[in-house]
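For reference, protein-v2.txt (compact mmCIF, C-alpha atoms):
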# COMPACT_ATOMS: atom_id res chain seq x y z
CA MET A 1 88.85 63.76 203.35
CA SER A 2 89.30 61.38 200.42
CA GLN A 3 87.83 62.20 197.06
CA ALA A 4 85.00 60.03 195.76
CA SER A 5 85.81 57.84 192.80
CA PRO A 6 84.32 59.07 189.52
CA PRO A 7 81.23 57.14 188.40
CA LEU A 8 81.83 54.25 186.04
CA ALA A 9 80.54 54.78 182.53
CA PRO A 10 78.15 52.05 181.37
CA ILE A 11 79.63 49.37 179.12
CA ARG A 12 78.47 49.99 175.55
CA MET A 13 76.62 47.02 174.03
CA ALA A 14 75.61 46.11 170.50
CA MET A 15 73.06 43.40 169.77
CA VAL A 16 72.78 40.90 166.93
CA GLY A 17 69.26 39.55 166.52
CA GLY A 18 66.30 40.34 168.73
CA GLY A 19 64.13 42.19 166.22
CA ALA A 20 60.36 42.31 165.97
CA GLY A 21 58.84 38.92 166.82
CA SER A 22 61.79 37.82 168.95
CA PHE A 23 61.10 36.42 172.40
CA ILE A 24 64.58 36.45 173.87
CA GLY A 25 65.94 39.70 172.41
CA PRO A 26 63.78 42.02 174.53
CA VAL A 27 64.59 39.91 177.60
CA HIS A 28 68.32 40.43 177.02
CA ARG A 29 67.86 44.15 176.50
CA MET A 30 65.82 44.66 179.66
CA ALA A 31 68.19 42.54 181.71
CA ALA A 32 71.37 44.14 180.38
CA GLU A 33 70.19 47.64 181.26
CA LEU A 34 68.46 46.88 184.56
CA ASP A 35 71.42 47.78 186.76
CA ARG A 36 72.71 50.64 184.59
CA GLN A 37 76.00 48.85 184.14
CA ILE A 38 75.41 48.32 180.41
CA VAL A 39 73.75 50.46 177.75
CA LEU A 40 72.58 49.46 174.26
CA VAL A 41 74.22 51.66 171.62
CA ALA A 42 73.88 49.74 168.34
CA GLY A 43 72.27 46.74 166.75
CA ALA A 44 71.76 44.51 163.75
CA PHE A 45 68.37 43.29 164.91
CA SER A 46 67.26 41.53 161.73
CA SER A 47 68.53 40.67 158.27
CA ASP A 48 65.42 42.50 157.05
CA PRO A 49 66.53 46.17 156.84
CA ALA A 50 63.04 47.51 157.55
CA ARG A 51 62.56 45.29 160.59
CA SER A 52 66.00 46.12 161.97
CA ALA A 53 65.39 49.84 161.48
CA GLU A 54 61.97 49.64 163.11
CA THR A 55 63.41 47.85 166.14
CA GLY A 56 66.39 50.18 166.51
CA ARG A 57 64.33 53.34 166.22
CA SER A 58 61.81 52.03 168.75
CA LEU A 59 64.74 51.68 171.16
CA GLY A 60 65.88 55.25 170.55
CA LEU A 61 68.97 54.45 168.46
CA ALA A 62 70.22 56.80 165.77
CA ASP A 63 70.02 55.49 162.21
CA ASP A 64 73.82 55.24 161.88
CA ARG A 65 73.86 52.75 164.78
CA ILE A 66 71.24 50.46 163.20
CA HIS A 67 72.22 47.81 160.65
CA ALA A 68 70.70 44.86 158.82
CA ASP A 69 74.10 43.14 158.46
CA TRP A 70 76.00 42.27 161.63
CA ARG A 71 79.35 42.32 159.81
CA ALA A 72 78.73 45.91 158.73
CA MET A 73 77.74 46.77 162.28
CA LEU A 74 80.93 45.34 163.76
CA ALA A 75 83.04 47.22 161.19
CA ALA A 76 81.20 50.48 161.86
CA GLU A 77 81.44 50.17 165.63
CA ALA A 78 85.15 49.36 165.46
CA GLY A 79 85.72 52.70 163.72
CA ARG A 80 84.02 54.80 166.40
CA ALA A 81 85.58 56.26 169.53
CA ASP A 82 82.27 55.54 171.25
CA GLY A 83 81.85 52.13 169.61
CA ALA A 84 80.45 49.03 171.26
CA GLU A 85 82.59 47.15 173.77
CA LEU A 86 80.27 44.15 174.16
CA VAL A 87 78.12 42.17 171.71
CA ALA A 88 74.98 40.32 172.77
CA ILE A 89 74.08 37.42 170.44
CA VAL A 90 70.38 36.56 170.46
CA THR A 91 70.04 34.79 167.11
CA PRO A 92 69.18 31.23 166.11
CA ASN A 93 72.00 28.84 166.97
CA HIS A 94 73.64 28.65 163.53
CA LEU A 95 74.82 32.27 163.83
CA HIS A 96 76.32 31.99 167.31
CA LEU A 97 79.78 30.91 166.14
CA PRO A 98 80.31 33.32 163.22
CA VAL A 99 79.10 36.35 165.17
CA ALA A 100 81.06 35.48 168.32
CA ARG A 101 84.21 34.70 166.37
CA ALA A 102 84.02 38.01 164.48
CA ALA A 103 83.28 39.97 167.64
CA ILE A 104 86.26 38.46 169.44
CA ALA A 105 88.50 39.21 166.45
CA ALA A 106 87.29 42.81 166.61
CA GLY A 107 88.31 42.99 170.27
CA LEU A 108 84.80 42.88 171.73
CA HIS A 109 83.45 40.95 174.68
CA VAL A 110 80.52 38.59 174.09
CA VAL A 111 77.35 37.55 175.87
CA SER A 112 75.61 34.77 173.94
CA ASP A 113 72.30 33.11 174.36
CA LYS A 114 72.70 29.38 174.86
CA PRO A 115 73.78 26.98 173.47
CA ALA A 116 77.22 28.32 172.60
CA THR A 117 77.04 26.99 169.04
CA ALA A 118 75.10 24.62 166.82
CA THR A 119 77.61 21.74 167.07
CA LEU A 120 80.45 20.49 169.24
CA ALA A 121 82.99 21.16 166.50
CA GLU A 122 81.88 24.79 166.41
CA ALA A 123 82.12 25.08 170.19
CA LEU A 124 85.70 23.81 170.07
CA GLU A 125 86.47 26.32 167.32
CA LEU A 126 85.06 29.11 169.46
CA ARG A 127 87.11 27.96 172.45
CA ASP A 128 90.23 28.16 170.27
CA ALA A 129 89.27 31.66 169.11
CA LEU A 130 89.04 32.81 172.73
CA ALA A 131 92.31 31.18 173.79
CA GLY A 132 95.06 33.71 174.30
CA THR A 133 92.70 36.69 174.38
CA ASP A 134 91.46 38.63 177.38
CA ARG A 135 87.92 38.85 176.03
CA VAL A 136 85.07 37.96 178.35
CA TYR A 137 82.65 35.37 176.96
CA ALA A 138 79.49 34.56 178.92
CA LEU A 139 76.52 32.31 178.22
CA THR A 140 73.05 33.10 179.46
CA TYR A 141 72.17 29.85 181.13
CA THR A 142 69.39 31.84 182.74
CA TYR A 143 68.62 29.71 185.75
CA THR A 144 72.14 30.10 187.14
CA GLY A 145 71.20 33.71 187.81
CA TYR A 146 68.34 32.95 190.20
CA PRO A 147 69.23 33.93 193.78
CA MET A 148 67.90 30.68 195.29
CA ILE A 149 69.82 28.58 192.78
CA ARG A 150 73.00 30.35 193.83
CA ARG A 151 72.10 29.83 197.48
CA ALA A 152 71.53 26.10 196.86
CA ARG A 153 74.88 25.88 195.09
CA ALA A 154 76.67 27.55 197.99
CA MET A 155 74.95 25.29 200.53
CA ILE A 156 76.06 22.16 198.71
CA ALA A 157 79.61 23.48 198.30
CA ASP A 158 79.67 24.16 202.06
CA GLY A 159 78.64 20.56 202.82
CA ALA A 160 75.11 21.26 204.07
CA LEU A 161 73.75 18.21 202.23
CA GLY A 162 76.65 15.95 203.09
CA GLU A 163 77.65 13.57 200.30
CA VAL A 164 75.53 14.27 197.20
CA ARG A 165 73.85 11.00 196.20
CA ARG A 166 70.97 11.76 193.83
CA ILE A 167 70.30 14.52 191.28
CA ILE A 168 67.01 14.77 189.40
CA VAL A 169 66.24 17.58 186.97
CA ASP A 170 62.98 17.85 185.03
CA TYR A 171 62.14 20.47 182.39
CA PRO A 172 58.66 20.01 180.87
CA GLN A 173 57.14 22.26 178.21
CA GLY A 174 54.10 21.61 176.03
CA TRP A 175 54.26 24.34 173.41
CA LEU A 176 55.48 21.98 170.64
CA ALA A 177 52.86 19.29 171.26
CA GLU A 178 51.52 20.13 167.78
CA PRO A 179 53.54 20.85 164.59
CA ILE A 180 53.30 24.62 164.94
CA GLU A 181 56.58 25.01 163.05
CA ASN A 182 54.43 24.36 159.96
CA GLN A 183 51.71 26.77 161.06
CA GLY A 184 53.54 30.09 161.01
CA SER A 185 55.30 30.06 164.38
CA LYS A 186 58.65 31.81 163.88
CA GLN A 187 60.03 30.60 167.21
CA ALA A 188 59.09 26.99 166.49
CA ALA A 189 60.26 27.06 162.86
CA TRP A 190 63.94 27.69 163.53
CA ARG A 191 64.04 25.36 166.54
CA ALA A 192 62.72 22.50 164.39
CA ASP A 193 65.14 23.21 161.53
CA PRO A 194 68.51 21.40 161.76
CA ALA A 195 70.12 24.05 159.52
CA ARG A 196 69.41 26.74 162.12
CA ALA A 197 69.07 24.87 165.42
CA GLY A 198 71.92 22.40 164.98
CA ILE A 199 71.96 18.72 165.80
CA GLY A 200 69.65 18.91 168.83
CA GLY A 201 66.02 19.92 169.13
CA CYS A 202 64.59 19.75 172.62
CA ILE A 203 67.91 18.63 174.05
CA GLY A 204 69.70 21.61 172.52
CA ASP A 205 66.99 24.11 173.46
CA ILE A 206 66.05 23.18 177.04
CA GLY A 207 67.93 19.94 177.73
CA VAL A 208 71.19 21.90 177.95
CA HIS A 209 69.58 24.14 180.59
CA ALA A 210 68.74 21.07 182.66
CA PHE A 211 72.20 19.57 182.16
CA ASN A 212 73.96 22.81 183.05
CA LEU A 213 71.77 23.34 186.12
CA ALA A 214 72.40 19.84 187.46
CA GLU A 215 76.16 20.35 187.33
CA TYR A 216 76.09 24.03 188.41
CA VAL A 217 74.09 23.42 191.58
CA SER A 218 75.50 20.06 192.64
CA GLY A 219 79.15 20.67 191.82
CA ALA A 220 79.28 17.15 190.37
CA LYS A 221 79.92 16.40 186.69
CA VAL A 222 77.99 13.97 184.50
CA ALA A 223 80.33 11.08 183.76
CA GLU A 224 78.03 8.80 181.74
CA PHE A 225 74.43 8.47 180.70
CA VAL A 226 71.79 6.44 178.92
CA ALA A 227 69.87 8.58 176.45
CA ASP A 228 66.44 8.01 174.93
CA LEU A 229 65.62 10.93 172.63
CA GLY A 230 62.59 10.94 170.39
CA SER A 231 60.79 12.94 167.73
CA VAL A 232 57.25 12.35 168.89
CA VAL A 233 55.32 14.71 166.61
CA PRO A 234 55.10 13.08 163.15
CA GLY A 235 57.41 14.66 160.58
CA ARG A 236 59.52 16.57 163.08
CA ARG A 237 63.19 16.32 162.15
CA LEU A 238 64.72 17.02 165.56
CA ASP A 239 64.01 15.49 168.96
CA ASP A 240 61.17 16.94 171.00
CA ASP A 241 61.32 14.60 174.02
CA CYS A 242 64.36 13.50 176.05
CA ASN A 243 64.68 10.96 178.87
CA MET A 244 68.08 10.19 180.36
CA LEU A 245 69.64 8.28 183.23
CA LEU A 246 72.77 9.91 184.64
CA ARG A 247 75.83 8.86 186.63
CA PHE A 248 78.05 11.55 188.10
CA ASP A 249 81.76 11.66 188.77
CA ASN A 250 81.23 11.65 192.55
CA GLY A 251 79.20 8.43 192.43
CA ALA A 252 75.78 10.09 192.50
CA ARG A 253 73.03 8.84 190.25
CA GLY A 254 70.17 10.74 188.72
CA ALA A 255 67.95 11.49 185.80
CA LEU A 256 67.28 14.28 183.32
CA LEU A 257 63.88 14.70 181.70
CA ALA A 258 63.25 17.40 179.12
CA SER A 259 60.21 17.59 176.88
CA GLN A 260 58.53 20.10 174.62
CA ILE A 261 55.55 17.86 173.89
CA ALA A 262 54.40 17.51 177.54
CA THR A 263 50.85 18.62 176.83
CA GLY A 264 49.63 21.33 179.17
CA GLU A 265 53.01 22.04 180.73
CA ARG A 266 54.42 25.55 180.52
CA ASN A 267 57.95 26.04 181.86
CA ASP A 268 58.19 24.27 185.21
CA LEU A 269 61.86 23.44 185.50
CA THR A 270 62.59 21.64 188.78
CA ILE A 271 65.71 20.25 190.41
CA ARG A 272 65.96 17.92 193.40
CA ILE A 273 69.25 16.96 195.02
CA GLN A 274 69.52 14.50 197.92
CA GLY A 275 72.62 14.06 200.06
CA SER A 276 73.64 11.96 203.03
CA LYS A 277 72.45 14.63 205.50
CA ALA A 278 69.72 16.59 203.71
CA GLY A 279 67.97 17.28 200.43
CA ILE A 280 66.96 20.39 198.52
CA ALA A 281 64.32 21.13 195.90
CA TRP A 282 63.76 24.18 193.69
CA SER A 283 61.06 24.90 191.13
CA HIS A 284 60.90 27.65 188.55
CA ALA A 285 57.22 28.03 189.40
CA THR A 286 58.18 29.10 192.94
CA ALA A 287 61.60 30.53 192.15
CA THR A 288 62.00 32.58 195.33
CA MET A 289 61.66 29.47 197.53
CA LEU A 290 64.15 26.72 198.32
CA THR A 291 62.83 23.61 200.11
CA ILE A 292 65.26 21.81 202.44
CA THR A 293 64.46 18.39 203.90
CA GLY A 294 66.34 16.71 206.73
CA LEU A 295 66.94 13.15 207.89
CA ASP A 296 64.58 13.73 210.80
CA GLY A 297 61.72 14.51 208.45
CA GLU A 298 61.87 18.24 209.08
CA THR A 299 61.10 20.45 206.07
CA ARG A 300 62.29 24.05 205.91
CA ILE A 301 61.55 26.64 203.26
CA GLN A 302 63.98 29.49 202.66
CA HIS A 303 62.86 32.64 200.90
CA GLY A 304 64.74 35.28 198.98
CA GLY A 305 68.39 35.51 198.06
CA THR A 306 71.48 37.22 199.41
CA GLU A 307 72.31 40.89 199.27
CA ALA A 308 74.64 40.13 196.37
CA THR A 309 71.97 38.50 194.21
CA ALA A 310 68.59 39.87 195.28
CA ARG A 311 67.38 43.39 194.50
CA LEU A 312 64.18 43.42 196.57
CA PRO A 313 63.27 42.67 200.20
CA VAL A 314 62.10 39.14 201.01
CA GLY A 315 58.48 38.68 199.98
CA HIS A 316 58.78 40.69 196.78
CA PRO A 317 59.20 38.16 193.96
CA GLU A 318 62.09 38.36 191.55
CA GLY A 319 62.05 36.30 188.39
CA PHE A 320 63.23 35.69 184.87
CA ILE A 321 64.40 39.20 183.95
CA GLU A 322 66.28 39.60 187.22
CA ALA A 323 68.00 36.23 186.76
CA PHE A 324 69.19 37.34 183.33
CA ALA A 325 70.20 40.69 184.84
CA ASN A 326 72.38 38.96 187.44
CA ILE A 327 74.31 37.31 184.61
CA TYR A 328 74.73 40.63 182.79
CA ARG A 329 75.76 42.42 185.99
CA ASP A 330 78.34 39.74 186.73
CA THR A 331 79.61 39.89 183.15
CA ALA A 332 80.00 43.67 183.42
CA ALA A 333 82.08 43.14 186.57
CA ALA A 334 84.25 40.60 184.72
CA ILE A 335 84.78 43.05 181.85
CA ARG A 336 85.92 45.60 184.42
CA GLY A 337 88.48 43.14 185.74
CA ALA A 338 86.79 41.24 188.57
CA ASP A 339 88.24 37.75 189.08
CA GLY A 340 86.44 34.47 189.66
CA ILE A 341 83.31 35.18 187.66
CA VAL A 342 83.31 33.62 184.19
CA ASP A 343 83.49 29.80 184.21
CA ALA A 344 82.87 29.98 187.95
CA LEU A 345 79.80 32.02 188.86
CA VAL A 346 78.73 32.68 185.25
CA PRO A 347 78.93 29.92 182.62
CA GLY A 348 81.53 30.62 179.93
CA ILE A 349 83.10 28.77 177.03
CA ALA A 350 84.01 25.74 179.18
CA ALA A 351 80.32 25.25 179.96
CA GLY A 352 79.53 25.91 176.30
CA VAL A 353 81.85 23.17 175.07
CA ARG A 354 80.69 20.75 177.75
CA SER A 355 77.03 21.34 176.93
CA MET A 356 77.56 20.81 173.21
CA ARG A 357 79.50 17.63 173.92
CA PHE A 358 76.52 16.50 175.99
CA VAL A 359 74.09 17.26 173.16
CA GLN A 360 76.17 15.54 170.47
CA ARG A 361 76.93 12.42 172.53
CA ALA A 362 73.30 12.11 173.62
CA VAL A 363 71.95 12.43 170.07
CA GLU A 364 74.44 9.88 168.75
CA SER A 365 74.01 7.49 171.67
CA SER A 366 70.23 7.53 171.47
CA ALA A 367 70.21 7.02 167.71
CA GLY A 368 72.55 4.05 168.04
CA ARG A 369 70.84 2.63 171.16
CA ALA A 370 74.29 2.55 172.69
CA GLY A 371 73.28 2.19 176.34
CA TRP A 372 75.64 3.68 178.92
CA THR A 373 77.80 6.27 177.18
CA ARG A 374 80.70 8.23 178.63
CA LEU A 375 80.44 11.99 178.21
CA GLU A 376 84.21 12.47 177.93
CA ASP A 377 86.50 10.19 175.95
Show me this structure written as structure tokens.
Amino acid sequence: MSQASPPLAPIRMAMVGGGAGSFIGPVHRMAAELDRQIVLVAGAFSSDPARSAETGRSLGLADDRIHADWRAMLAAEAGRADGAELVAIVTPNHLHLPVARAAIAAGLHVVSDKPATATLAEALELRDALAGTDRVYALTYTYTGYPMIRRARAMIADGALGEVRRIIVDYPQGWLAEPIENQGSKQAAWRADPARAGIGGCIGDIGVHAFNLAEYVSGAKVAEFVADLGSVVPGRRLDDDCNMLLRFDNGARGALLASQIATGERNDLTIRIQGSKAGIAWSHATATMLTITGLDGETRIQHGGTEATARLPVGHPEGFIEAFANIYRDTAAAIRGADGIVDALVPGIAAGVRSMRFVQRAVESSAGRAGWTRLED
């Protein structure tokens, strides 16, 4: 009788950002720990010592694992036998590069909220910092973690749609329809500030999600585009509305719409892909359903995911936290040596660089009214 393998110890995670008032920090924490593959052991949750301490203590961390300075945290964790192995970055965009670069230099793996960095130049610098290391770097392009998105991706890769001809992705939000960045909204303030958000507003916040999803699901790459980005709300310094025509490297055409001033809209990301044999449609509002349409007019709706991606029986909805958790679970597997995960199943630095190139070229092209613009030189 063979002996059972000893249980795997959870991967120890530190977090930078995600203190009181954060939206995305608690999401990352819940998702990371959902499958008991990762455990939070330390954090620099805020540059405000009191806020960082309050957050850390509320999460059950000892005072010597709570910091207001992320550099001090990395140094302290590096000196511990039980120090962090993974750093989650959930800060405004301008801190993504310095924290990730320092974490990699300290020998830690990284999970970063998107986008990878604030600019393309920073993304290229981060790619260089990762080159030659064995550190895992993953980006939480959340929607890639949804079971039905992964099913749609597999169907297209298997040829179920035939030749992909048309790709439409639409991401409407309405929460920035008024200048709430000037009315005390912390989440709006940094997103509307070029010093913290980077060169893109809406396009860097949700447009990159739409761009990444279009390529992730279809398997095709954006080759060129026409971009019309605007700052609709008076006085806003970064774009809040994006409309783009797309051409893909396989000959498909499409469009990307992303807006944060679509009054009344909440978060209804949708993607539609039509091929020579069939089409598919997915909506964040009905995330456990995938609609498939055929040439004969037949419409089928598939529910649920696969055993590898879904945690609950069909009919029990899984959503945002679980999608994040799939990314964390896959990242944990990559840290433990599993092949074919980062830059394949989970977006990594290649997707980070490509997304930042998309943001920079779109901002520049729209400002210069350049018309059709190639994504790559």
For this session: Tell me which of A:Asn212, A:Thr119, A:Gln260, A:Ser355 sits closest to Asp239 in chain A, counting all atoms listed in the file.
Result: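 Of the candidates, the smallest distance to Asp239 in chain A is held by A:Gln260.
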Rows by chain and residue number, range 56-153 of chain A within 9 Å of range 186-207 of chain A, shortest pair, all atoms listed in the file, as a tab-separated table:
residue	atom	partner	partner_atom	distance
A:Pro92	CA	A:Arg196	CA	6.0
A:Asn93	CA	A:Ala197	CA	5.2
A:His94	CA	A:Arg196	CA	4.9
A:Leu95	CA	A:Arg196	CA	7.9
A:Lys114	CA	A:Asp205	CA	7.9
A:Pro115	CA	A:Gly204	CA	6.8
A:Thr117	CA	A:Gly198	CA	8.0
A:Ala118	CA	A:Gly198	CA	4.3
A:Thr119	CA	A:Gly198	CA	6.1
Could you write those residues out with C-alpha atoms, as a PDB file, in the coordinates of the input?
ATOM      1  CA  PRO A  92      69.180  31.230 166.110  1.00  0.00           C
ATOM      2  CA  ASN A  93      72.000  28.840 166.970  1.00  0.00           C
ATOM      3  CA  HIS A  94      73.640  28.650 163.530  1.00  0.00           C
ATOM      4  CA  LEU A  95      74.820  32.270 163.830  1.00  0.00           C
ATOM      5  CA  LYS A 114      72.700  29.380 174.860  1.00  0.00           C
ATOM      6  CA  PRO A 115      73.780  26.980 173.470  1.00  0.00           C
ATOM      7  CA  THR A 117      77.040  26.990 169.040  1.00  0.00           C
ATOM      8  CA  ALA A 118      75.100  24.620 166.820  1.00  0.00           C
ATOM      9  CA  THR A 119      77.610  21.740 167.070  1.00  0.00           C
TER      10      THR A 119
END
For this session: Work out how far CA of Val136 in chain A is from CA of Gln37 in chain A, in Å to one decimal.
Result: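 We find that CA of Gln37 in chain A and CA of Val136 in chain A lie 15.3 Å from each other.
Near Ile168 in chain A, within 9 Å and counting all atoms listed in the file, sit Ala214, Leu246, Arg253, Gly254, Ala255, Leu256, Leu257, Thr270, Ile271, Arg272, Ile273 and Gln274 of chain A; same-chain residues fewer than 6 positions away were not included.
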Given all atoms listed in the file, how would the per-residue table for range 302-377 of chain A near range 97-113 of chain A read, listing every residue at most 9 Å away with its closest atom pair and distance in Å to one decimal, sorted by chain and number, as JSON lines?
{"residue": "A:Tyr328", "atom": "CA", "partner": "A:Val111", "partner_atom": "CA", "distance": 8.0}
{"residue": "A:Thr331", "atom": "CA", "partner": "A:Val111", "partner_atom": "CA", "distance": 8.0}
{"residue": "A:Ile335", "atom": "CA", "partner": "A:His109", "partner_atom": "CA", "distance": 7.6}
Problem set entry | One-decimal distance in Å that lies between CA of Asp35 in chain A and CA of Ala351 in chain A | 25.2 Å
Exercise. Can you find the residues with an atom no farther than 10 Å from (52.7, 22.4, 182.9), counting all atoms listed in the file, and report them as a list in words?
Worked result: Tyr171, Pro172, Gln173, Gly174, Trp175, Ala262, Thr263, Gly264, Glu265, Arg266, Asn267, Asp268, Leu269 and Ala285 of chain A
For this session: Please identify all polymer residues within 8 Å of Ala116 in chain A, counting all atoms listed in the file, omitting same-chain residues fewer than 5 positions from it, and present them as an NGL selection string.
Result: :A and (93 or 96-97 or 123 or 139 or 349 or 352-353 or 356)
Problem set entry | Pick from A:Gly219, A:Gly43, A:Gly337, A:Pro347 nearest to Arg71 in chain A, counting all atoms listed in the file |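 The closest residue to Arg71 in chain A is A:Gly43.
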Exercise. Taking into account all atoms listed in the file, which residue in the set A:Ala323, A:Val359, A:Ala278, A:Val169 is nearest to Arg300 in chain A?
Worked result: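 Once distances to Arg300 in chain A are computed over all atoms listed in the file, the minimum belongs to A:Ala278.
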Problem set entry | Interatomic distance, CA of Arg29 in chain A to CA of Glu125 in chain A (Å, one decimal) | 27.4 Å
For this session: Could you give me, as a PyMOL selection string, the residues within 12 Å of range 289-295 of chain A, counting all atoms listed in the file and dropping anything in the same chain fewer than 5 positions from it?
Result: chain A and resi 146-153+155-156+160-162+270-284+300-305+314-319
What's the 12 Å shell around Glu376 in chain A, counting all atoms listed in the file, without same-chain residues fewer than 4 positions away, as an mmCIF file with C-alpha atoms, keeping the file's coordinate frame?
data_model
loop_
_atom_site.group_PDB
_atom_site.id
_atom_site.type_symbol
_atom_site.label_atom_id
_atom_site.label_comp_id
_atom_site.auth_asym_id
_atom_site.auth_seq_id
_atom_site.Cartn_x
_atom_site.Cartn_y
_atom_site.Cartn_z
ATOM 1 C CA LYS A 221 79.920 16.400 186.690
ATOM 2 C CA VAL A 222 77.990 13.970 184.500
ATOM 3 C CA ALA A 223 80.330 11.080 183.760
ATOM 4 C CA GLU A 224 78.030 8.800 181.740
ATOM 5 C CA PHE A 225 74.430 8.470 180.700
ATOM 6 C CA PHE A 248 78.050 11.550 188.100
ATOM 7 C CA ASP A 249 81.760 11.660 188.770
ATOM 8 C CA VAL A 353 81.850 23.170 175.070
ATOM 9 C CA ARG A 354 80.690 20.750 177.750
ATOM 10 C CA SER A 355 77.030 21.340 176.930
ATOM 11 C CA MET A 356 77.560 20.810 173.210
ATOM 12 C CA ARG A 357 79.500 17.630 173.920
ATOM 13 C CA PHE A 358 76.520 16.500 175.990
ATOM 14 C CA GLN A 360 76.170 15.540 170.470
ATOM 15 C CA ARG A 361 76.930 12.420 172.530
ATOM 16 C CA ALA A 362 73.300 12.110 173.620
#
Exercise. Which residue out of A:Val217, A:Leu40, A:Ala14, A:Gly21 has the minimum interatomic distance to Gly184 in chain A when all atoms listed in the file are used?
Worked result: A:Gly21
Exercise. Near Gly230 in chain A, within 7 Å and counting all atoms listed in the file, which residues show up once chain neighbours fewer than 6 positions away are dropped, as a ChimeraX atom specification?
Worked result: /A:239-242
Okay, now the selection with C-alpha atoms, as a short mmCIF file (atom, residue, chain, number, x, y, z; two decimals), in the coordinates of the input?
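Once everything was written out, this is part_39.cif:
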data_model
loop_
_atom_site.label_atom_id
_atom_site.label_comp_id
_atom_site.auth_asym_id
_atom_site.auth_seq_id
_atom_site.Cartn_x
_atom_site.Cartn_y
_atom_site.Cartn_z
CA ASP A 239 64.01 15.49 168.96
CA ASP A 240 61.17 16.94 171.00
CA ASP A 241 61.32 14.60 174.02
CA CYS A 242 64.36 13.50 176.05
#
For this session: Counting all atoms listed in the file, note down every residue that has an atom within 7 Å of the point (73.4, 32.0, 186.8) (file coordinates), as a PyMOL selection string.
Result: chain A and resi 141-146+323+327+345-346
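Closest approach to Asp82 in chain A among A:Ala287, A:Asp134, A:Val39, A:Leu34: A:Val39, based on all atoms listed in the file.
Of the listed residues (A:Gly340, A:Gly132, A:Pro10, A:Gly297), A:Pro10 comes nearest to Glu85 in chain A; the distances count all atoms listed in the file.
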